[in-house]
Each structure stands twice: as C-alpha cells, then as structure tokens.
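Just below is one structure, and these are the notes that go with it.
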Amino acid sequence: MSRARRRGATAHLLAVGRRASAGAAGRRDPRLTVQALSLVLAAMAAALLVWSAQAVHAVYEGREARISARLPVPAAQPGAKPAAWWTQSDDSYREWAFSVVYLEPAAPSAPLPPGLPRWPEPGEAFVSPALLDAMPAATTRFGRLAGTVAEEGLADTGELFVYARPPAGVTIQGYETTLGITGFGAERPADPPYFVSQSFDRPESDLYWLLVPQLGLPAGVLLVVASRLGARQRDRRLAVLYAIGGGRSVRARIAAGECLRPLAAGTVLAGLPLLVVTLTGVRLPLTGYRVAAADLAPLRWQFPLALVAGWVALCLLFAALHLRVRPAGSGRPRPARPLPSAWPGVLSGIGALAVVSGAAAGGAMGIRLFVLGTTLTLIGLPPLLGRAAARVSVRLTGHGTGNAARLVGGRWAAAHPAVIARAGAALVVMLGLVAQAVVMVTDLTSEARNATVLGERLDDRLLEVYSAPTGEAAHARFAAALAPEDRVLRVVPGGGASGTGPPVLRGDCRDLAALGAMRSCPRERPVPVHEVYRERTPRTEALRWMSFGLVHVQAAASRERLLKEQGPFVVLTSGPEGRERAERAARATLPLPHVGVPGDANVIGAQARARQADWVVLVAAVGFLLLALTGAAGLLHAFLDRADELRALAGYTSGAGFHLRVAWWGMGVPMACALGLAALLAGVLAAVNLGFLSPSGSSPLGLLGGGLALAVVVCGAATVLGGWLGARFTHRWVPRGD
C-alpha cells in the first residue's frame, strides 16, 4: 500500500472514530457528551500539570540567577584592597526571618549590588517593598529610609530583604564575618545558604513531588475513566473489528479518532488562560506568593510546544487503552448476588489497629504507625462506603413503595454499590490524607510550643541584644539611646576555677528585681537563679532560653563596670514601642546587632514549616476538584447507562420531575451518605492525631468542611444533570404519530 493510500486510510479510520463519538445525527447520546467532557477535563488537568512544572522550573531559575547576581565576590588575595566591605545579619518580624546586609564602600568606583540605584549614605537603608508593606516600622528600624530594593535585587517580589550602611561611628570592618569584596555575582554555595528568604525556601524537587501526585493522578484517572465510559458499545465495536481482521493499528486509529477533538478542546481551553498568565504574572491564593511575569517569559514559547506534545501523548495513551479486545464472557451462569469481597474490611481493620497503636506509642515510631494505619484504612474504606450506601438505600426503599421514583432509584443504588464506591474512592482517600498532612505539618515541636507561650507572656518586654565585640563607648551609647524607664542587664561568661562556669546575669539590684520577687540581691558571688527569686516568672524562665542551662545572678559593682564587660544585653522595655526603640538604638550604636525575644528562633523555624501546609492545601484543592468531577462523571454515566430502563415509563411522564426524583434516590442520597461517613471518619482520624501525636497542629475542620461542601455541590450538580438528561434521553423513545 502506498504512503498516500495509508494516509487516506488513517484519515478514514480517524473519521470513523470521530463519528462514533458524536453519535447519530440529531440524536446525540448524553453518555457520549459525558465522555467528551471527561476527556476535556483530562486535557485541562494535563495542561495545568505541564504549565505548573514548567513554571516551577522557570521561577527557580530566575530566583537562582538573581541570588547569584547579588552574592559577594571576595577579594582574591587577603592583602588586596577591596572595593567594598560586606557582611550579613538577620532580623525577624513576628514569625518571619529575613536578611539584613550591611555594606560599606571602600572605593568610589565600587560596583553597586543589583537592585540599588546608589550606595546608601551612612545610616541609610534600602528595604524591599514586601517588607515595607508587612512592617511599617521598617522605615526607621534600620536607619533613614533611602528607597526600596528593585526587583532585580530580590529573589522574588515577596522577599523580605534589607541593604543598610552602618551609621557614622560604627564600622563593620575587622570582624570574622565581614568580607572584603571586589564586586557581586559569585556562584552560590550549596551549604550554608547566604540569605534567609522565607517567601518559599523549599527545594525545587519538593514542589515536583507535590504537583505530580496531586495533579498527575487526577489527569490519569480522568483519562482512564473516559476510556471506560460507554465501554459496552466500544468493546462490541472493537470486537467486530477484530472479528473481520482489524489489527491493533486499525483499532488504535479508530480509538484515537474518538478523543482527538475533546482533548484538543480541553488543551486549548486550559492553555489560553495559562498563556495569558505568562504575560501578566499571578499571585497564588492561600500562599500569597507572587509569580512575576518576567520569570514566566520562557514559557511563552515553551508552553505551546509542550501543549502540542502533551495533546499527542494523551491521544496515544487513550488509543493504547483500547488495543486489547475485551472478551464478551462465557455463557456460564453467574450468581444473582455475588458475595462481597472481604479484603476491604480486613484492610481497614488492620489500619484501625495501626492507628490505635501509633496513637498509644507516640514519638517517631507512633507517627509512622499512624500514617501507615491511616493509609490502609482509607484504601479499604471506599468499598465499605459503597456497601453502606447500598444498605441505606435498601432501608429507605423498604417502606413506602407507593413512591415509584423512590423505589426505582433506591433499588438501582442498592444493586450497584461498586458505582458509589468508584465515584467516591479518590475523594475519600485524598480528603483523609490531606487532612492528616495539614495536622502534621502545622504541628510545632515542644521547644516551639514552649517558646510561643513564653513569647506571648513576655510581649516583647524582655529582649536579648547581641552584637559583634565592641568597646565600652559603644555600649554606653546604646544604653543612653534607650528610654529612661528601660532596664539594662548583661549576661556575661561564667568564672570559676576552670573559667567555664555557668553564665552570670549582672545588673543593678533594682533592675534584677524587675524579673521577679527576690529573696536577696547577691553581691559577693553569683548565686543560682532559683535561689535568688522566690518563684518562677516568665522573665526568669526566659533566662534559660538565653543560656540553654543553669543561670547564676549577681549584682553589678557599678554601671561603668557593667558596660565594660562583653556579652549580650538583656533589655526590659516599657510600653508598646519598646521593641522598636531597642532595635533602633542597637542598629545606631552597635556593630552587627541582633535583637529578639528569647526562643524566637524555635518559633520562626516551626512557623516556616507550618506555612508549607498552605502549599499542600492549594495544590490538593485543585486535585480534589478534578477528582470530584471525575467521580461525578463516572456516577452520571453509570446512571445514564441504565436510563433506557425507564423508557417504559416515558409515556406516562411529561416532564423531568420523575427522572429528577429517581436520580435523587439513585445518586444523591447514596453519595451524600458515603461522603458524610467519609468526612466523619477523616475527622475522627484527625482528632486522634491532634489528641495524641500533634497537639499543636491546626484543626482540619475547615478543610474537611470545604472539601465535603465541594463534593456535595459537584455530586448535586451531577444528580440534577442526570435527571434532566435522563428525561430527554428516555422521552425520545415515546412513539409519535401512531
């Protein structure tokens, strides 16, 4: 056969498949419409997955390029004269940490860091726009505000970042962390990272692990479900082709003809809005992360090419699912009511035992057992829910048989528990797993929980102030810059014969008494803190977080002696502006200062991990919606597949009310029972998790309620659509003009 004839045969076979998917002229089967919509959704999910994967790669490439461009290039030789001095400190605002980079030009021709229009003058600072929006006090905390850092100097538009120059009289030269640099644009070291950026600091691979299961699985499920919708007619058609000698190639081309147009429509419907996003940028919901249009610029030509490749791949996969001819089955009689399989109950029982054992054991081993048990329970749950829904339908239709719609719909649901199980399987498993993930990710460590409680009680009225080593004059300027009512203490290294004793808190007796009621003020020698104070207070407990151990207390001989010693300051502030006052005083007088509440490092790290739950929920919400639509499509098609059984009643009903009631009892009531039981079980598992393993995790009630509401809306729409389409489908059977 010539190449032209083969092309003509391929076009003819594709047209055969296209006509088979369209149905007879003027009499389109609603089941074919459901199949086409499933293919459209599968293509849209695949396009979203492709765009998301490409966007993640492009955004990370842009971030890495901008971060590398602002990295300092150290002077090649230790004795070489640098162009500028560079060092980094950090600061925090509420539960966010960010970098503060101090710069000091050493030559007039020193190259500027990216994002700055000029070198800051002494005592000036350039602040990122996101930090100014989040923290209004940033206009004065780091010095005089000289402007904002441009986008090319930030990892992303939401980064909290500061460039500052020390004020006159304060220098950053001569310290171990200070670099003499010749410019900017060094390669980024792998570990440790130079900058603290908490807009999103997870590696790129983590997002791929999040996207592929949450979006790839629904796309695959939609494609498989669409390939099995109308399976009876398609299998019969393929069996005829096989009987007359049609090979795999013929069957594949006919199957491909069925899906070409729906998959192309879904690809275009999803591709066009996503292509527009590459021109405008987007702010992601829940997370608040801003994806800049400049980072998405490579997608403007990469994404259309990937869409074409994805469309071809989906068509080939759909055709591959129809290569095997399914046998029609033997003539052996089958039991009217096959015995239900026992594996779902056994699997769920084993999972429940593992959940209880994990909750009782606690710790890392308990968490592993709980996760394993939750997974096993949720895997075995859908068949059990389908059977439970069938039993409910039997009970509901056992009485009041005068209601024909109730009888027909209930008996249909009771006879098809597998349809209910398949419709709700993915929803049940995904909802339960995401709820447990949210609880575990948002759970704080014991140190973070204690530090959070301590921080709430201290209310920024006890601060620790660190700085690079400096002289008495700088310490005196810092103390003088504070308010008269603020109290200043020092934590100095311990003495003793070995010089390695516990740290000592020193200060005036009146200032020491501000920590709590004292038994006596020790002047001769340091005394353990529990012997000095009558009772434990939040302020005395904060000392343990500063020293990580036993603290001694001793009165200072004089204020001058106190300022001569080296060690962190402890500042007891007064009034709501005490924190900002101490911040401004430290940055105006001390080199490389750090001001914070004792224990806030534990809280910041734990909250950064907890914010990852927003990303999990964001991606899971899209996957859950796709799975809900998948389940609704399968349920709707299964109902319409049996709608011809109602044709005998079509002559007695003129409207769609009867069919809507049948759909309500056949689809709506069973799915409502199944979804309600699934949400209840997911809530019980989350309650066990919160009560025994993750006591400070976030409650998933909002997530469960939102997921349940979404599933109910989708299934309700499928119920109404099933009744309406069933009425139109069956009324066509009524003979006319006889």
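Residue numbering restarts at 1 in every chain; chains get A, B, ... in the order shown in the structure tokens, and ligands count up from 1 in that same order.
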DSSP strand (DSSP E or B) residues within segment 465-511 of chain A, listed as a ChimeraX atom specification: /A:465-466,487-492,504-507
Since we have the selection now, will you write its residues out, keeping N, CA, C and O atoms, as a PDB file, in the first residue's frame?
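Saved as selection_22.pdb:
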ATOM      1  N   VAL A 465      19.917  41.274  73.203  1.00  0.00           N
ATOM      2  CA  VAL A 465      20.589  42.075  72.183  1.00  0.00           C
ATOM      3  C   VAL A 465      22.019  41.577  72.057  1.00  0.00           C
ATOM      4  O   VAL A 465      22.810  41.689  73.006  1.00  0.00           O
ATOM      5  N   TYR A 466      22.322  40.988  70.895  1.00  0.00           N
ATOM      6  CA  TYR A 466      23.681  40.539  70.593  1.00  0.00           C
ATOM      7  C   TYR A 466      24.323  41.532  69.635  1.00  0.00           C
ATOM      8  O   TYR A 466      23.651  42.226  68.876  1.00  0.00           O
ATOM      9  N   ARG A 487      15.276  49.025  81.429  1.00  0.00           N
ATOM     10  CA  ARG A 487      16.296  48.477  82.329  1.00  0.00           C
ATOM     11  C   ARG A 487      17.256  47.612  81.523  1.00  0.00           C
ATOM     12  O   ARG A 487      16.836  46.858  80.639  1.00  0.00           O
ATOM     13  N   VAL A 488      18.560  47.725  81.875  1.00  0.00           N
ATOM     14  CA  VAL A 488      19.613  47.049  81.119  1.00  0.00           C
ATOM     15  C   VAL A 488      20.344  46.087  82.039  1.00  0.00           C
ATOM     16  O   VAL A 488      20.818  46.470  83.119  1.00  0.00           O
ATOM     17  N   LEU A 489      20.451  44.812  81.601  1.00  0.00           N
ATOM     18  CA  LEU A 489      21.213  43.773  82.284  1.00  0.00           C
ATOM     19  C   LEU A 489      22.195  43.177  81.283  1.00  0.00           C
ATOM     20  O   LEU A 489      22.102  43.396  80.077  1.00  0.00           O
ATOM     21  N   ARG A 490      23.154  42.404  81.782  1.00  0.00           N
ATOM     22  CA  ARG A 490      24.142  41.735  80.915  1.00  0.00           C
ATOM     23  C   ARG A 490      24.258  40.276  81.315  1.00  0.00           C
ATOM     24  O   ARG A 490      24.185  39.923  82.507  1.00  0.00           O
ATOM     25  N   VAL A 491      24.416  39.418  80.301  1.00  0.00           N
ATOM     26  CA  VAL A 491      24.745  38.011  80.529  1.00  0.00           C
ATOM     27  C   VAL A 491      26.207  37.839  80.138  1.00  0.00           C
ATOM     28  O   VAL A 491      26.564  37.939  78.962  1.00  0.00           O
ATOM     29  N   VAL A 492      27.055  37.598  81.117  1.00  0.00           N
ATOM     30  CA  VAL A 492      28.497  37.521  80.885  1.00  0.00           C
ATOM     31  C   VAL A 492      28.956  36.088  81.101  1.00  0.00           C
ATOM     32  O   VAL A 492      28.292  35.293  81.791  1.00  0.00           O
ATOM     33  N   VAL A 504      26.505  34.290  83.930  1.00  0.00           N
ATOM     34  CA  VAL A 504      26.071  35.102  85.060  1.00  0.00           C
ATOM     35  C   VAL A 504      25.285  36.301  84.531  1.00  0.00           C
ATOM     36  O   VAL A 504      25.742  37.012  83.626  1.00  0.00           O
ATOM     37  N   LEU A 505      24.125  36.514  85.096  1.00  0.00           N
ATOM     38  CA  LEU A 505      23.310  37.689  84.786  1.00  0.00           C
ATOM     39  C   LEU A 505      23.670  38.782  85.776  1.00  0.00           C
ATOM     40  O   LEU A 505      23.522  38.602  86.990  1.00  0.00           O
ATOM     41  N   ARG A 506      24.123  39.925  85.281  1.00  0.00           N
ATOM     42  CA  ARG A 506      24.546  41.018  86.134  1.00  0.00           C
ATOM     43  C   ARG A 506      23.749  42.277  85.819  1.00  0.00           C
ATOM     44  O   ARG A 506      23.349  42.510  84.684  1.00  0.00           O
ATOM     45  N   GLY A 507      23.571  43.070  86.858  1.00  0.00           N
ATOM     46  CA  GLY A 507      22.857  44.329  86.719  1.00  0.00           C
ATOM     47  C   GLY A 507      22.622  44.948  88.075  1.00  0.00           C
ATOM     48  O   GLY A 507      22.966  44.372  89.124  1.00  0.00           O
TER      49      GLY A 507
END
Close residues, Val277 of chain A itself excluded, 12 Å, only C-alpha atoms, min 6 positions apart in chain, as a list in words: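 Residues meeting the cut-off are Leu48, Trp51, Ser52, Ala55, Ala270, Gly271, Arg283, Leu284, Arg290, Val291, Ala292, Ala293, Ala294, Asp295, Leu296, Ala297, Leu299, Arg300 and Phe303 of chain A.
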Pick from A:Tyr533, A:Pro74, A:Ala451, A:Arg587 nearest to Trp545 of chain A, counting only C-alpha atoms: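 Of A:Tyr533, A:Pro74, A:Ala451, A:Arg587, the one nearest Trp545 of chain A is A:Ala451, counting only C-alpha atoms.
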Residues within 7 Å of Arg31 of chain A, only C-alpha atoms, excluding chain neighbours under 4 positions, as a VMD selection string: chain A and resid 35 637 640
Let's have the selection written as a PDB file, in the first residue's frame, with C-alpha atoms.
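The result, stored in result_13.pdb:
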ATOM      1  CA  GLN A  35     -17.333  11.020  27.909  1.00  0.00           C
ATOM      2  CA  HIS A 637     -22.539   7.948  33.078  1.00  0.00           C
ATOM      3  CA  LEU A 640     -27.449   7.269  32.154  1.00  0.00           C
TER       4      LEU A 640
END
Using only C-alpha atoms, tabulate the residues of segment 265-360 of chain A lying at most 10 Å from any atom of segment 373-397 of chain A, each with its closest atom pair and that distance in Å to one decimal, by chain and increasing residue number, as a tab-separated table.
residue	atom	partner	partner_atom	distance
A:Pro340	CA	A:Arg387	CA	8.8
A:Ser341	CA	A:Pro383	CA	9.0
A:Ala342	CA	A:Leu384	CA	9.8
A:Trp343	CA	A:Gly380	CA	7.5
A:Pro344	CA	A:Gly380	CA	4.2
A:Gly345	CA	A:Gly380	CA	6.5
A:Val346	CA	A:Gly380	CA	8.0
A:Leu347	CA	A:Gly380	CA	5.5
A:Ser348	CA	A:Thr377	CA	4.1
A:Gly349	CA	A:Thr377	CA	7.1
A:Ile350	CA	A:Gly373	CA	7.1
A:Gly351	CA	A:Gly373	CA	3.8
A:Ala352	CA	A:Gly373	CA	6.0
A:Leu353	CA	A:Gly373	CA	7.1
A:Ala354	CA	A:Gly373	CA	4.6
A:Val355	CA	A:Gly373	CA	4.8
A:Val356	CA	A:Gly373	CA	8.4
A:Ser357	CA	A:Gly373	CA	8.9
A:Gly358	CA	A:Gly373	CA	8.2
Nearest residue to Trp85 of chain A from the set A:Pro417, A:Pro105, A:Pro111, A:Pro568 (distances using only C-alpha atoms): A:Pro105
From A:Ala437, A:Val212, A:Ala610, A:Ala663, residue lying nearest Leu407 of chain A [only C-alpha atoms]: A:Ala663
Non-local contacts of Pro502 of chain A (7 Å; only C-alpha atoms; under 3 positions in same chain excluded) as a PyMOL selection string: chain A and resi 494+550-552
Every residue of segment 501-538 of chain A that DSSP places in alpha helix (DSSP H), as a PyMOL selection string: chain A and resi 509-513+529-532+538
Keeping all heavy atoms, export the residues of the selection given above as an mmCIF file, in the first residue's frame.
data_model
loop_
_atom_site.group_PDB
_atom_site.id
_atom_site.type_symbol
_atom_site.label_atom_id
_atom_site.label_comp_id
_atom_site.auth_asym_id
_atom_site.auth_seq_id
_atom_site.Cartn_x
_atom_site.Cartn_y
_atom_site.Cartn_z
ATOM 1 N N CYS A 509 20.615 46.030 91.364
ATOM 2 C CA CYS A 509 19.634 45.262 92.132
ATOM 3 C C CYS A 509 18.206 45.654 91.771
ATOM 4 O O CYS A 509 17.312 44.799 91.719
ATOM 5 C CB CYS A 509 19.876 45.456 93.632
ATOM 6 S SG CYS A 509 21.327 44.563 94.245
ATOM 7 N N ARG A 510 17.955 46.935 91.515
ATOM 8 C CA ARG A 510 16.600 47.342 91.147
ATOM 9 C C ARG A 510 16.200 46.779 89.789
ATOM 10 O O ARG A 510 15.046 46.413 89.564
ATOM 11 C CB ARG A 510 16.511 48.864 91.127
ATOM 12 C CG ARG A 510 16.593 49.516 92.513
ATOM 13 C CD ARG A 510 16.650 51.009 92.396
ATOM 14 N NE ARG A 510 17.849 51.433 91.650
ATOM 15 C CZ ARG A 510 18.136 52.696 91.359
ATOM 16 N NH1 ARG A 510 17.322 53.674 91.742
ATOM 17 N NH2 ARG A 510 19.239 52.993 90.686
ATOM 18 N N ASP A 511 17.174 46.690 88.894
ATOM 19 C CA ASP A 511 16.865 46.110 87.586
ATOM 20 C C ASP A 511 16.669 44.599 87.687
ATOM 21 O O ASP A 511 15.809 44.032 87.014
ATOM 22 C CB ASP A 511 17.992 46.427 86.601
ATOM 23 C CG ASP A 511 18.142 47.922 86.375
ATOM 24 O OD1 ASP A 511 17.147 48.649 86.574
ATOM 25 O OD2 ASP A 511 19.254 48.355 86.000
ATOM 26 N N LEU A 512 17.483 43.940 88.521
ATOM 27 C CA LEU A 512 17.304 42.498 88.709
ATOM 28 C C LEU A 512 15.953 42.192 89.350
ATOM 29 O O LEU A 512 15.326 41.174 89.053
ATOM 30 C CB LEU A 512 18.433 41.936 89.574
ATOM 31 C CG LEU A 512 19.831 41.932 88.949
ATOM 32 C CD1 LEU A 512 20.871 41.513 89.993
ATOM 33 C CD2 LEU A 512 19.879 40.982 87.754
ATOM 34 N N ALA A 513 15.479 43.082 90.222
ATOM 35 C CA ALA A 513 14.194 42.856 90.886
ATOM 36 C C ALA A 513 13.029 42.956 89.913
ATOM 37 O O ALA A 513 11.931 42.470 90.208
ATOM 38 C CB ALA A 513 14.015 43.856 92.029
ATOM 39 N N VAL A 529 19.805 31.068 89.928
ATOM 40 C CA VAL A 529 18.632 31.919 89.794
ATOM 41 C C VAL A 529 17.477 31.431 90.665
ATOM 42 O O VAL A 529 16.716 32.240 91.209
ATOM 43 C CB VAL A 529 18.211 31.991 88.306
ATOM 44 C CG1 VAL A 529 17.783 30.635 87.793
ATOM 45 C CG2 VAL A 529 17.111 33.011 88.094
ATOM 46 N N HIS A 530 17.361 30.102 90.865
ATOM 47 C CA HIS A 530 16.234 29.615 91.660
ATOM 48 C C HIS A 530 16.404 29.918 93.143
ATOM 49 O O HIS A 530 15.446 29.848 93.905
ATOM 50 C CB HIS A 530 16.050 28.107 91.449
ATOM 51 C CG HIS A 530 17.221 27.292 91.900
ATOM 52 N ND1 HIS A 530 18.310 27.032 91.078
ATOM 53 C CD2 HIS A 530 17.488 26.677 93.081
ATOM 54 C CE1 HIS A 530 19.180 26.285 91.723
ATOM 55 N NE2 HIS A 530 18.724 26.062 92.946
ATOM 56 N N GLU A 531 17.653 30.252 93.555
ATOM 57 C CA GLU A 531 17.881 30.636 94.942
ATOM 58 C C GLU A 531 17.686 32.138 95.157
ATOM 59 O O GLU A 531 17.563 32.583 96.295
ATOM 60 C CB GLU A 531 19.287 30.239 95.378
ATOM 61 C CG GLU A 531 19.541 28.733 95.354
ATOM 62 C CD GLU A 531 20.937 28.387 95.821
ATOM 63 O OE1 GLU A 531 21.626 29.298 96.354
ATOM 64 O OE2 GLU A 531 21.370 27.229 95.639
ATOM 65 N N VAL A 532 17.691 32.893 94.086
ATOM 66 C CA VAL A 532 17.564 34.345 94.203
ATOM 67 C C VAL A 532 16.101 34.769 94.190
ATOM 68 O O VAL A 532 15.671 35.604 94.997
ATOM 69 C CB VAL A 532 18.343 35.037 93.067
ATOM 70 C CG1 VAL A 532 18.129 36.562 93.115
ATOM 71 C CG2 VAL A 532 19.825 34.706 93.168
ATOM 72 N N PRO A 538 7.680 34.376 83.914
ATOM 73 C CA PRO A 538 8.086 34.320 82.504
ATOM 74 C C PRO A 538 9.444 34.949 82.250
ATOM 75 O O PRO A 538 10.203 34.469 81.410
ATOM 76 C CB PRO A 538 6.956 35.075 81.787
ATOM 77 C CG PRO A 538 5.766 34.889 82.667
ATOM 78 C CD PRO A 538 6.306 34.895 84.065
#
Atomic distance atom CA of Trp615 of chain A - atom CA of Gly363 of chain A, expressed in Å with one decimal: 25.6 Å
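Shortest atom-to-atom contact with Ser467 of chain A among A:Glu61, A:Glu151, A:Glu645, A:Glu583: A:Glu583, counting only C-alpha atoms.
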Residue contacts of Ser699 of chain A (8 Å, only C-alpha atoms) excluding same-chain residues fewer than 4 positions away, as JSON, numbers by chain: {"A": [439, 686, 690]}
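Among the candidates A:Arg261, A:Arg477, A:Arg544, A:Arg406, the one nearest to Gly668 of chain A when counting only C-alpha atoms is A:Arg406.
Among A:Gly683, A:Gly599, A:Gly288, A:Gly153, the residue with the shortest atom-to-atom distance to Ser446 of chain A, counting only C-alpha atoms, is A:Gly599.
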Close residues, Ala483 of chain A itself excluded, 9 Å, only C-alpha atoms, min 6 positions apart in chain, as an MDAnalysis selection string: chainID A and resid 573:574 578 581:582
Just want the 12 Å neighbourhood of Gly705 of chain A, counted on only C-alpha atoms, with same-chain residues fewer than 6 positions away dropped. Output as an mmCIF file with all heavy atoms, in the first residue's frame.
data_model
loop_
_atom_site.group_PDB
_atom_site.id
_atom_site.type_symbol
_atom_site.label_atom_id
_atom_site.label_comp_id
_atom_site.auth_asym_id
_atom_site.auth_seq_id
_atom_site.Cartn_x
_atom_site.Cartn_y
_atom_site.Cartn_z
ATOM 1 N N LEU A 431 -9.132 13.309 50.590
ATOM 2 C CA LEU A 431 -9.568 14.181 51.675
ATOM 3 C C LEU A 431 -8.969 13.751 53.007
ATOM 4 O O LEU A 431 -8.499 14.580 53.797
ATOM 5 C CB LEU A 431 -11.093 14.180 51.744
ATOM 6 C CG LEU A 431 -11.744 15.185 52.704
ATOM 7 C CD1 LEU A 431 -11.407 16.595 52.274
ATOM 8 C CD2 LEU A 431 -13.250 14.987 52.748
ATOM 9 N N GLY A 432 -8.970 12.450 53.261
ATOM 10 C CA GLY A 432 -8.413 11.960 54.525
ATOM 11 C C GLY A 432 -6.922 12.193 54.636
ATOM 12 O O GLY A 432 -6.419 12.622 55.682
ATOM 13 N N ALA A 435 -6.035 15.956 55.072
ATOM 14 C CA ALA A 435 -6.363 16.428 56.424
ATOM 15 C C ALA A 435 -5.275 16.033 57.419
ATOM 16 O O ALA A 435 -4.860 16.846 58.260
ATOM 17 C CB ALA A 435 -7.713 15.853 56.855
ATOM 18 N N LEU A 675 -20.253 10.267 51.382
ATOM 19 C CA LEU A 675 -19.371 11.403 51.658
ATOM 20 C C LEU A 675 -19.468 11.837 53.116
ATOM 21 O O LEU A 675 -18.460 12.230 53.724
ATOM 22 C CB LEU A 675 -19.721 12.561 50.738
ATOM 23 C CG LEU A 675 -19.429 12.340 49.247
ATOM 24 C CD1 LEU A 675 -19.941 13.506 48.422
ATOM 25 C CD2 LEU A 675 -17.929 12.156 49.018
ATOM 26 N N GLY A 676 -20.675 11.795 53.688
ATOM 27 C CA GLY A 676 -20.810 12.150 55.102
ATOM 28 C C GLY A 676 -20.035 11.209 56.005
ATOM 29 O O GLY A 676 -19.330 11.643 56.924
ATOM 30 N N ALA A 678 -17.458 9.395 55.103
ATOM 31 C CA ALA A 678 -16.025 9.594 54.843
ATOM 32 C C ALA A 678 -15.487 10.803 55.595
ATOM 33 O O ALA A 678 -14.412 10.754 56.201
ATOM 34 C CB ALA A 678 -15.796 9.754 53.343
ATOM 35 N N ALA A 679 -16.234 11.927 55.555
ATOM 36 C CA ALA A 679 -15.788 13.117 56.281
ATOM 37 C C ALA A 679 -15.762 12.861 57.788
ATOM 38 O O ALA A 679 -14.862 13.337 58.495
ATOM 39 C CB ALA A 679 -16.705 14.295 55.955
ATOM 40 N N LEU A 680 -16.731 12.089 58.287
ATOM 41 C CA LEU A 680 -16.751 11.778 59.717
ATOM 42 C C LEU A 680 -15.538 10.954 60.114
ATOM 43 O O LEU A 680 -14.883 11.237 61.136
ATOM 44 C CB LEU A 680 -18.042 11.024 60.053
ATOM 45 C CG LEU A 680 -18.218 10.595 61.518
ATOM 46 C CD1 LEU A 680 -18.254 11.819 62.434
ATOM 47 C CD2 LEU A 680 -19.486 9.767 61.686
ATOM 48 N N ALA A 682 -12.641 10.803 58.501
ATOM 49 C CA ALA A 682 -11.450 11.654 58.390
ATOM 50 C C ALA A 682 -11.334 12.576 59.598
ATOM 51 O O ALA A 682 -10.229 12.825 60.104
ATOM 52 C CB ALA A 682 -11.499 12.463 57.102
ATOM 53 N N GLY A 683 -12.472 13.090 60.083
ATOM 54 C CA GLY A 683 -12.446 13.930 61.276
ATOM 55 C C GLY A 683 -12.027 13.163 62.514
ATOM 56 O O GLY A 683 -11.291 13.683 63.363
ATOM 57 N N SER A 699 -6.404 22.677 63.263
ATOM 58 C CA SER A 699 -7.594 21.848 63.101
ATOM 59 C C SER A 699 -7.966 21.765 61.617
ATOM 60 O O SER A 699 -8.018 22.782 60.925
ATOM 61 C CB SER A 699 -8.758 22.436 63.893
ATOM 62 O OG SER A 699 -9.948 21.735 63.615
ATOM 63 N N ALA A 711 -17.570 18.553 47.289
ATOM 64 C CA ALA A 711 -18.013 17.255 46.771
ATOM 65 C C ALA A 711 -19.537 17.190 46.682
ATOM 66 O O ALA A 711 -20.092 16.654 45.712
ATOM 67 C CB ALA A 711 -17.476 16.135 47.657
ATOM 68 N N VAL A 712 -20.216 17.736 47.684
ATOM 69 C CA VAL A 712 -21.686 17.715 47.670
ATOM 70 C C VAL A 712 -22.218 18.554 46.515
ATOM 71 O O VAL A 712 -23.176 18.167 45.825
ATOM 72 C CB VAL A 712 -22.226 18.218 49.020
ATOM 73 C CG1 VAL A 712 -23.714 18.498 48.935
ATOM 74 C CG2 VAL A 712 -21.951 17.195 50.113
#
